[in-house]
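Structure data follow from entry37.cif (mmCIF, C-alpha atoms):
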```cif
data_coords
#
loop_
_atom_site.label_atom_id
_atom_site.label_comp_id
_atom_site.auth_asym_id
_atom_site.auth_seq_id
_atom_site.Cartn_x
_atom_site.Cartn_y
_atom_site.Cartn_z
CA MET C 15 96.48 25.82 -19.38
CA THR C 16 95.36 29.31 -18.49
CA SER C 17 91.78 30.33 -19.07
CA SER C 18 90.54 32.63 -21.81
CA PRO C 19 89.61 36.24 -20.98
CA ALA C 20 86.26 35.55 -22.62
CA TYR C 21 84.96 35.53 -19.05
CA HIS C 22 86.41 37.28 -16.03
CA GLY C 23 85.53 35.06 -13.11
CA ASN C 24 85.98 31.66 -11.54
CA GLU C 25 82.47 30.40 -12.21
CA THR C 26 83.17 29.47 -15.83
CA MET C 27 85.15 26.76 -17.56
CA THR C 28 86.25 25.77 -21.04
CA ASP C 29 85.33 22.61 -22.91
CA THR C 30 87.18 21.50 -26.03
CA ILE C 31 84.75 19.90 -28.48
CA TYR C 32 86.12 17.53 -31.11
CA LEU C 33 84.30 16.79 -34.35
CA LYS C 34 85.52 13.71 -36.21
CA PRO C 35 83.99 13.79 -39.72
CA VAL C 36 82.36 10.59 -40.94
CA SER C 37 81.23 12.21 -44.20
CA SER C 38 82.16 15.17 -46.34
CA PHE C 39 80.64 18.54 -45.48
CA LEU C 40 79.60 21.47 -47.61
CA GLY C 41 82.06 24.29 -48.02
CA GLU C 42 84.39 25.34 -45.27
CA PRO C 43 84.74 23.80 -41.78
CA PRO C 44 81.96 25.04 -39.46
CA ARG C 45 82.64 28.51 -38.14
CA SER C 46 81.29 30.16 -35.01
CA ASP C 47 78.03 31.36 -36.61
CA THR C 48 77.25 27.92 -38.06
CA LEU C 49 78.12 26.17 -34.79
CA PHE C 50 75.94 28.59 -32.83
CA GLY C 51 72.95 27.93 -35.08
CA ALA C 52 73.39 24.17 -34.79
CA ILE C 53 73.71 24.37 -31.00
CA CYS C 54 70.57 26.53 -30.71
CA TRP C 55 68.47 24.04 -32.67
CA ALA C 56 69.92 21.17 -30.67
CA VAL C 57 69.14 22.85 -27.31
CA LYS C 58 65.59 23.56 -28.48
CA LEU C 59 65.02 19.95 -29.51
CA THR C 60 66.61 18.40 -26.41
CA GLU C 61 65.70 20.85 -23.64
CA GLY C 62 62.73 22.75 -25.07
CA GLU C 63 62.00 26.14 -26.56
CA ALA C 64 61.78 27.86 -23.17
CA ARG C 65 65.38 26.91 -22.34
CA LEU C 66 66.59 28.20 -25.70
CA GLU C 67 64.71 31.49 -25.30
CA GLU C 68 66.24 31.91 -21.84
CA LEU C 69 69.73 31.61 -23.30
CA LEU C 70 69.01 33.84 -26.32
CA ALA C 71 67.58 36.58 -24.07
CA ARG C 72 70.94 36.87 -22.32
CA PHE C 73 72.74 37.31 -25.64
CA SER C 74 70.36 40.17 -26.45
CA GLN C 75 71.22 41.80 -23.12
CA THR C 76 74.98 41.67 -23.83
CA ASP C 77 75.28 39.02 -21.13
CA PRO C 78 76.24 35.96 -23.19
CA PRO C 79 75.65 32.68 -21.30
CA PHE C 80 78.41 31.05 -23.34
CA LEU C 81 81.06 31.92 -25.93
CA LEU C 82 82.49 29.71 -28.62
CA THR C 83 85.16 29.73 -31.31
CA SER C 84 85.10 28.65 -34.91
CA SER C 85 86.35 25.14 -35.61
CA PHE C 86 90.00 24.49 -36.39
CA PRO C 87 91.98 21.37 -37.35
CA ALA C 88 93.68 18.96 -34.95
CA VAL C 89 96.00 16.18 -36.12
CA SER C 90 96.59 12.92 -34.23
CA THR C 91 100.33 12.31 -33.80
CA ASP C 92 101.83 9.53 -31.70
CA GLY C 93 98.68 9.16 -29.62
CA ASP C 94 98.39 12.89 -28.97
CA LYS C 95 96.52 15.74 -30.67
CA LEU C 96 98.30 18.63 -32.33
CA HIS C 97 95.94 21.63 -32.33
CA PHE C 98 96.18 24.33 -34.99
CA PHE C 99 95.05 27.93 -34.47
CA PRO C 100 94.74 30.89 -36.87
CA VAL C 101 97.95 32.89 -37.07
CA PRO C 102 97.32 36.32 -35.47
CA LEU C 103 97.34 39.17 -37.99
CA THR C 104 100.14 41.67 -37.38
CA GLU C 105 102.06 44.41 -39.16
CA PRO C 106 103.57 43.29 -42.49
CA LEU C 107 107.10 41.95 -42.35
CA ASP C 108 109.79 44.58 -42.98
CA ALA C 109 112.44 42.71 -44.93
CA ASP C 110 114.60 43.30 -47.99
CA PRO C 111 115.10 39.95 -49.77
CA ASP C 112 118.29 39.40 -51.75
CA ASN C 113 116.98 36.68 -54.03
CA LEU C 114 113.85 34.90 -55.24
CA GLU C 115 114.09 32.21 -52.55
CA GLU C 116 114.01 34.81 -49.78
CA PHE C 117 111.16 36.65 -51.50
CA ASN C 118 109.10 33.45 -51.66
CA TRP C 119 109.83 32.76 -47.99
CA ILE C 120 108.50 36.22 -47.10
CA LYS C 121 105.29 35.46 -49.01
CA ARG C 122 104.89 32.15 -47.17
CA VAL C 123 105.43 33.80 -43.78
CA GLU C 124 102.90 36.53 -44.61
CA ASN C 125 100.34 34.06 -45.98
CA SER C 126 100.57 31.45 -43.24
CA GLU C 127 97.06 30.67 -42.06
CA TYR C 128 97.31 28.12 -39.23
CA THR C 129 100.00 27.33 -36.70
CA THR C 130 100.56 24.78 -33.94
CA GLU C 131 99.56 25.49 -30.35
CA GLU C 132 103.24 25.74 -29.40
CA VAL C 133 103.98 28.47 -31.95
CA TYR C 134 100.64 30.14 -31.24
CA SER C 135 101.45 30.43 -27.53
CA SER C 136 104.89 31.88 -28.29
CA ILE C 137 103.27 34.55 -30.49
CA LEU C 138 100.73 35.36 -27.77
CA LYS C 139 103.48 35.83 -25.20
CA GLY C 140 105.52 38.10 -27.47
CA GLU C 141 108.34 35.56 -27.73
CA LEU C 142 107.91 35.05 -31.48
CA ASP C 143 106.93 37.28 -34.40
CA LYS C 144 107.17 37.33 -38.18
CA GLU C 145 110.69 38.75 -38.17
CA ARG C 146 112.02 36.00 -35.90
CA ILE C 147 110.26 33.36 -38.00
CA TYR C 148 111.69 34.88 -41.18
CA HIS C 149 115.28 34.88 -39.92
CA SER C 150 115.10 31.55 -38.11
CA GLY C 151 115.73 28.19 -39.69
CA ASP C 152 113.61 26.45 -37.06
CA TYR C 153 110.24 26.71 -38.81
CA ARG C 154 108.55 25.31 -41.89
CA ILE C 155 105.45 26.46 -43.78
CA THR C 156 103.55 24.01 -45.95
CA SER C 157 100.24 24.81 -47.66
CA GLY C 158 99.76 27.74 -45.28
CA TYR C 159 100.53 25.76 -42.10
CA LEU C 160 103.35 27.11 -39.91
CA TYR C 161 105.06 24.57 -37.62
CA PRO C 162 108.41 23.93 -35.89
CA LYS C 163 110.86 21.96 -37.97
CA GLY C 164 110.57 18.25 -37.17
CA SER C 165 107.28 18.53 -35.25
CA VAL C 166 105.18 17.10 -38.08
CA ASP C 167 105.82 15.57 -41.50
CA SER C 168 105.36 18.06 -44.35
CA GLU C 169 103.45 15.35 -46.24
CA THR C 170 100.67 15.80 -43.66
CA PHE C 171 99.53 18.98 -45.42
CA PRO C 172 97.11 20.12 -46.68
CA LEU C 173 94.63 18.87 -44.07
CA PHE C 174 91.53 19.77 -46.10
CA HIS C 175 90.68 18.43 -49.54
CA ASP C 176 88.01 20.23 -51.56
CA ARG C 177 86.15 19.06 -54.64
CA ASN C 178 83.26 20.30 -56.76
CA VAL C 179 80.31 17.91 -56.95
CA GLN C 180 77.62 18.06 -59.63
CA ARG C 181 74.09 18.08 -58.23
CA THR C 182 70.53 18.76 -59.36
CA THR C 183 67.79 20.86 -57.77
CA VAL C 184 64.87 19.14 -56.03
CA ASP C 185 61.24 20.26 -56.11
CA ARG C 186 60.28 20.77 -52.44
CA LEU C 187 56.62 19.95 -53.19
CA THR C 188 57.07 16.72 -55.15
CA SER C 189 60.54 15.69 -53.89
CA GLY C 190 61.40 15.05 -57.53
CA THR C 191 64.33 16.48 -59.46
CA HIS C 192 64.16 19.43 -61.86
CA GLU C 193 65.37 18.22 -65.24
CA GLY C 194 68.24 20.24 -66.60
CA ARG C 195 68.77 22.26 -63.40
CA LEU C 196 72.28 21.19 -62.54
CA PHE C 197 74.62 23.04 -60.22
CA TYR C 198 77.92 22.46 -58.46
CA SER C 199 78.70 22.65 -54.76
CA GLU C 200 82.04 22.47 -53.00
CA GLU C 201 82.50 19.58 -50.59
CA THR C 202 85.35 19.24 -48.11
CA ARG C 203 86.97 16.16 -46.63
CA LEU C 204 89.65 15.92 -43.95
CA ARG C 205 92.61 13.61 -43.78
CA GLU C 206 91.91 10.39 -41.91
CA ASP C 207 94.13 11.44 -38.98
CA THR C 208 92.53 14.91 -38.77
CA GLU C 209 89.49 16.18 -36.92
CA LEU C 210 88.05 19.58 -36.06
CA PHE C 211 87.77 21.19 -32.65
CA PHE C 212 86.27 24.30 -31.13
CA LEU C 213 86.36 25.89 -27.67
CA LEU C 214 83.25 26.52 -25.60
CA ASP C 215 83.26 28.77 -22.50
CA GLY C 216 80.51 29.07 -19.91
CA PRO C 217 79.25 28.05 -16.47
CA GLU C 218 78.75 24.35 -15.80
CA GLU C 219 74.94 24.43 -15.91
CA VAL C 220 74.96 26.05 -19.36
CA LEU C 221 77.68 23.77 -20.70
CA ASP C 222 75.69 20.78 -19.47
CA SER C 223 72.71 21.86 -21.62
CA ILE C 224 74.95 22.30 -24.64
CA ARG C 225 76.63 18.94 -24.12
CA LYS C 226 73.22 17.27 -24.35
CA GLY C 227 72.55 19.15 -27.55
CA LEU C 228 75.93 18.17 -28.98
CA ARG C 229 75.14 14.51 -28.43
CA PHE C 230 71.99 15.11 -30.49
CA LEU C 231 74.09 16.70 -33.24
CA ASN C 232 76.25 13.59 -33.17
CA ASP C 233 73.31 11.82 -34.83
CA ARG C 234 71.90 14.67 -36.90
CA GLY C 235 74.93 16.49 -38.33
CA ILE C 236 76.10 20.10 -38.63
CA GLY C 237 75.84 22.51 -41.55
CA GLY C 238 74.22 22.24 -44.94
CA ASP C 239 72.54 19.18 -46.47
CA VAL C 240 72.46 17.10 -43.29
CA SER C 241 69.26 15.53 -44.67
CA VAL C 242 71.31 13.81 -47.39
CA GLY C 243 74.14 12.68 -45.13
CA LYS C 244 76.51 15.65 -45.27
CA GLY C 245 78.13 17.18 -42.19
CA GLU C 246 78.05 14.01 -40.07
CA PHE C 247 80.50 14.05 -37.19
CA GLU C 248 81.39 11.92 -34.21
CA VAL C 249 81.38 14.35 -31.29
CA SER C 250 83.65 13.95 -28.28
CA ILE C 251 84.06 16.40 -25.42
CA GLU C 252 87.10 17.05 -23.24
CA GLY C 253 85.67 18.96 -20.30
CA ASN C 254 87.57 21.65 -18.46
CA PHE C 255 90.41 21.62 -20.99
CA ASN C 256 91.79 24.52 -23.01
CA PRO C 257 94.80 23.91 -25.30
CA VAL C 258 95.53 27.65 -25.47
CA ASP C 259 98.41 28.73 -23.22
CA GLU C 260 98.08 32.51 -23.12
CA PRO C 261 99.90 35.13 -21.05
CA GLU C 262 98.43 36.24 -17.74
CA ASP C 263 98.42 39.80 -18.98
CA GLY C 264 98.30 41.39 -22.39
CA ASP C 265 97.36 44.75 -23.86
CA TYR C 266 95.91 43.16 -27.02
CA PHE C 267 93.73 40.22 -27.92
CA THR C 268 93.43 38.02 -30.96
CA ASN C 269 90.02 36.67 -31.82
CA LEU C 270 88.97 33.06 -32.50
CA SER C 271 85.41 33.62 -33.75
CA LEU C 272 83.57 35.71 -36.33
CA PHE C 273 83.24 39.01 -34.50
CA TYR C 274 80.41 41.56 -34.96
CA PRO C 275 81.48 44.54 -32.79
CA ARG C 276 79.22 46.76 -30.74
CA GLU C 277 79.29 50.43 -31.73
CA GLU C 278 81.43 51.33 -28.72
CA ASN C 279 83.91 48.59 -29.64
CA ASP C 280 84.33 50.06 -33.12
CA ARG C 281 84.78 53.58 -31.76
CA ARG C 282 87.53 52.47 -29.38
CA PHE C 283 89.31 50.41 -32.03
CA ARG C 284 89.26 53.32 -34.46
CA ALA C 285 90.58 55.63 -31.77
CA THR C 286 93.67 53.42 -31.61
CA ASP C 287 94.21 53.45 -35.37
CA GLY C 288 97.27 51.46 -36.41
CA ASP C 289 97.03 49.14 -33.42
CA SER C 290 94.38 46.87 -34.95
CA TRP C 291 95.04 44.27 -37.63
CA PHE C 292 92.04 42.55 -39.11
CA ARG C 293 90.20 41.27 -42.16
CA THR C 294 86.49 41.64 -42.72
CA GLU C 295 84.03 39.23 -44.29
CA ARG C 296 80.47 39.37 -45.51
CA ARG C 297 78.35 36.56 -44.07
CA ARG C 298 74.82 35.64 -45.10
CA GLY C 299 73.19 32.47 -43.83
CA ARG C 300 70.03 30.48 -44.31
CA LEU C 301 67.37 29.32 -41.93
CA GLU C 302 67.34 25.60 -41.24
CA SER C 303 64.75 24.83 -43.95
CA SER C 304 63.99 21.35 -42.60
CA LEU C 305 62.78 22.88 -39.33
CA VAL C 306 60.77 25.89 -40.55
CA GLU C 307 58.03 26.30 -43.12
CA SER C 308 59.16 29.35 -45.05
CA GLU C 309 60.04 30.00 -48.66
CA ASP C 310 62.22 32.95 -47.66
CA VAL C 311 65.08 31.17 -45.90
CA TRP C 312 67.78 33.83 -46.38
CA LYS C 313 68.96 35.94 -43.44
CA ASP C 314 70.24 39.52 -43.69
CA ALA C 315 73.93 39.88 -44.50
CA VAL C 316 76.41 41.11 -41.89
CA ILE C 317 80.01 42.33 -42.05
CA VAL C 318 82.24 40.73 -39.43
CA TYR C 319 85.89 40.56 -38.41
CA GLY C 320 87.53 37.25 -39.25
CA GLU C 321 89.39 34.83 -36.99
CA GLY C 322 92.96 35.84 -36.20
CA SER C 323 92.16 39.56 -36.15
CA VAL C 324 94.05 41.51 -33.48
CA PHE C 325 92.73 44.45 -31.44
CA PRO C 326 93.83 46.47 -28.40
CA ASP C 327 92.17 45.23 -25.23
CA THR C 328 89.97 48.16 -24.23
CA GLY C 329 88.57 46.38 -21.18
CA GLU C 330 85.05 46.20 -22.63
CA ALA C 331 84.60 42.42 -22.63
CA PRO C 332 82.44 40.70 -23.60
CA TYR C 333 83.22 42.02 -27.07
CA GLY C 334 80.61 41.98 -29.80
CA LYS C 335 76.87 41.34 -29.95
CA ASN C 336 74.20 39.23 -31.65
CA PRO C 337 72.33 41.34 -34.23
CA ILE C 338 68.88 40.27 -35.44
CA VAL C 339 69.23 39.10 -39.06
CA LYS C 340 65.65 37.94 -39.69
CA ARG C 341 62.30 38.82 -38.11
CA GLU C 342 60.04 36.16 -39.64
CA PRO C 343 58.88 33.57 -38.76
CA PHE C 344 60.74 34.49 -35.54
CA ASP C 345 63.64 36.73 -34.50
CA VAL C 346 66.89 35.12 -35.58
CA GLN C 347 70.14 36.15 -33.91
CA TYR C 348 73.47 36.10 -35.71
CA TYR C 349 76.26 34.96 -33.40
CA GLY C 350 78.69 37.88 -33.36
CA TYR C 351 80.47 37.68 -29.99
CA GLY C 352 84.24 37.66 -30.05
CA TYR C 353 86.30 34.97 -28.38
CA PRO C 354 89.32 37.04 -27.25
CA VAL C 355 92.65 35.49 -26.34
CA ARG C 356 95.19 37.64 -24.51
CA MET C 357 98.18 38.74 -26.51
CA LYS C 358 101.20 40.92 -25.71
CA GLY C 359 101.93 43.81 -28.06
CA GLU C 360 105.35 44.77 -29.29
#
```
Show this structure as structure tokens.
Amino acid sequence: MTSSPAYHGNETMTDTIYLKPVSSFLGEPPRSDTLFGAICWAVKLTEGEARLEELLARFSQTDPPFLLTSSFPAVSTDGDKLHFFPVPLTEPLDADPDNLEEFNWIKRVENSEYTTEEVYSSILKGELDKERIYHSGDYRITSGYLYPKGSVDSETFPLFHDRNVQRTTVDRLTSGTHEGRLFYSEETRLREDTELFFLLDGPEEVLDSIRKGLRFLNDRGIGGDVSVGKGEFEVSIEGNFNPVDEPEDGDYFTNLSLFYPREENDRRFRATDGDSWFRTERRRGRLESSLVESEDVWKDAVIVYGEGSVFPDTGEAPYGKNPIVKREPFDVQYYGYGYPVRMKGE
């Protein structure tokens, strides 16, 4: 597979990291900001604070030592893995349906969220778009998943199953429960044949440090409530492997992480108004309360571009930056670097 334009050089490589859940996890699958936080703590605990500070300093200098994506689902089929990626956002479909069935098909095409690596690569290369999908009988969309007809059983979807679980608050001083203080949290489980994966780019010596940290996370967990057994994963690493087959050239890119743009990025994107397709999200995280002694665990909120957003390639990679979202008890960076994948425009 071709390499990502996240880095422009031969000194870097891509690892594909697989996370096989062995428990439920809170909320959504881990995204790039959550994964970054978990990796930072793991590097600190396995290689020391000095090593972590060395890496974080480079992020502050707009010289990221590594880039990573959010996590996405992969399904085991016939001994192989079928990787799903976020469908790139593009101009709305221009179609005039004749009946309710066609109208519903338009809605499904527009609302498709994930697609297989085969379809994803065709979109990146400009060989496939919404109009071709709409008029073709070769594709199916089930529960927001777009896939070629016959490539996977429709009964496979949805891949995620959510449920609300009743819980009670715990007094952090006494470790006892607060009577009458009940609340609900959303837990997610994956199908038995499904796991998560994310891509990690960087030079070998940096990836080696992160691999050690990931093995630590294999025992500790990722995300919220790891202290009570949530977010436990079996981690496996396929080194020097990237399932994305992107074009050698492209005047656009689609993003695979939560992206906090630098000011100059925003100015350039706005100067090409109508050529960018994106959705924004408000993100606000917490400090890892088991590792810091602070009552104020909330970080500042940030507004970021979501995965699948599409922008013109202005040649300013690396895109994005890590803003500081909390000053006490130490400076906390929010991971906001984009993970751009080349894409041909129309």
Exercise. One decimal, Å: what's the distance from CA of Lys34 in chain C over to CA of Ile137 in chain C, could you say?
Key: 28.0 Å
Practice problem: Can you give me, as a PyMOL selection string, the residues this file yields under the PyMOL selection byres ((chain C and resi 55-71) around 10)? | Solution: chain C and resi 50-54+72-80+220+223-231+234+302+305+336+346-347
Exercise. Give me, please, the distance in Å between CA of Met27 in chain C and CA of Phe211 in chain C, quoted to one decimal.
Key: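 For CA of Met27 in chain C relative to CA of Phe211 in chain C, the distance reads 16.3 Å.
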Practice problem: Check what the PyMOL selection byres ((chain C and resi 268) around 10) selects in the file above and give those residues as a PyMOL selection string. | Solution: chain C and resi 100-104+138+266-267+269-271+290-292+321-327+352-358
Quiz item: So what do you get for CA of Asp215 in chain C versus CA of Asp29 in chain C, distance-wise?
Solution: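 The value is 6.5 Å.
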Excluding Phe212 in chain C and residues on its chain fewer than 4 positions from it, collect all residues at most 9 Å away from it, counting only C-alpha atoms, and give them as a PDB file with C-alpha atoms, keeping the file's coordinate frame.
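The resulting file, around.pdb, is shown below:
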```
ATOM      1  CA  ASP C  29      85.330  22.610 -22.910  1.00  0.00           C
ATOM      2  CA  THR C  30      87.180  21.500 -26.030  1.00  0.00           C
ATOM      3  CA  ILE C  31      84.750  19.900 -28.480  1.00  0.00           C
ATOM      4  CA  TYR C  32      86.120  17.530 -31.110  1.00  0.00           C
ATOM      5  CA  LEU C  33      84.300  16.790 -34.350  1.00  0.00           C
ATOM      6  CA  ARG C  45      82.640  28.510 -38.140  1.00  0.00           C
ATOM      7  CA  SER C  46      81.290  30.160 -35.010  1.00  0.00           C
ATOM      8  CA  LEU C  82      82.490  29.710 -28.620  1.00  0.00           C
ATOM      9  CA  THR C  83      85.160  29.730 -31.310  1.00  0.00           C
ATOM     10  CA  SER C  84      85.100  28.650 -34.910  1.00  0.00           C
ATOM     11  CA  SER C  85      86.350  25.140 -35.610  1.00  0.00           C
ATOM     12  CA  PHE C  86      90.000  24.490 -36.390  1.00  0.00           C
ATOM     13  CA  PRO C  87      91.980  21.370 -37.350  1.00  0.00           C
TER      14      PRO C  87
END
```
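Protein, DNA and RNA residues at most 8 Å from (101.8, 21.6, -42.5), with only C-alpha atoms, are these: Arg154, Ile155, Thr156, Ser157, Gly158, Tyr159, Leu160, Tyr161, Val166, Asp167, Ser168, Glu169, Thr170, Phe171, Pro172 and Leu173 of chain C.
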Quiz item: From the list C:Tyr348, C:Phe255, C:Phe98, C:Phe39, which residue is nearest Asp176 in chain C when using only C-alpha atoms?
Solution: C:Phe39
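The smallest atom-to-atom distance between Pro337 in chain C and any of C:Gly164, C:Leu210, C:Asp47, C:Arg205, using only C-alpha atoms, is found for C:Asp47.
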Self-check item: Among listed residues C:Asn256, C:Ser136, C:Asn279, C:Ser250, nearest Tyr351 in chain C (using all atoms listed in the file)
Solution: C:Asn279
Quiz item: Smallest atom-to-atom distance to Ser135 in chain C: which of C:Phe99, C:Trp312, C:Tyr148, C:Phe117, using all atoms listed in the file?
Solution: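 Closest residue, counting all atoms listed in the file: C:Phe99.
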Exercise. Check which residues satisfy the PyMOL selection byres ((chain C and resi 320) around 6) in the file shown, then give them as an NGL selection string.
Key: :C and (272 or 293-294 or 319 or 321)
Exercise. Using all atoms listed in the file, pick whichever of C:Glu42, C:Tyr134, C:Asn113, C:Glu209 has the shortest atom-to-atom distance to Glu248 in chain C.
Key: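 With all atoms listed in the file as the atom set, the closest residue is C:Glu209.
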Can you sort out the box for range 262-276 of chain C, edges along x, y and z, all listed atoms in, 4 Å on every side, with centre and edge lengths in Å to one decimal, as AutoDock Vina command-line options?
```
--center_x 88.8 --center_y 39.9 --center_z -27.0 --size_x 27.2 --size_y 21.7 --size_z 26.6
```
Quiz item: From the set C:Leu40, C:Phe247, C:Leu107, C:Val339, which residue has the shortest atom-to-atom contact distance to Asn125 in chain C, counting all atoms listed in the file?
Solution: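 Among the listed residues, C:Leu107 lies closest to Asn125 in chain C.
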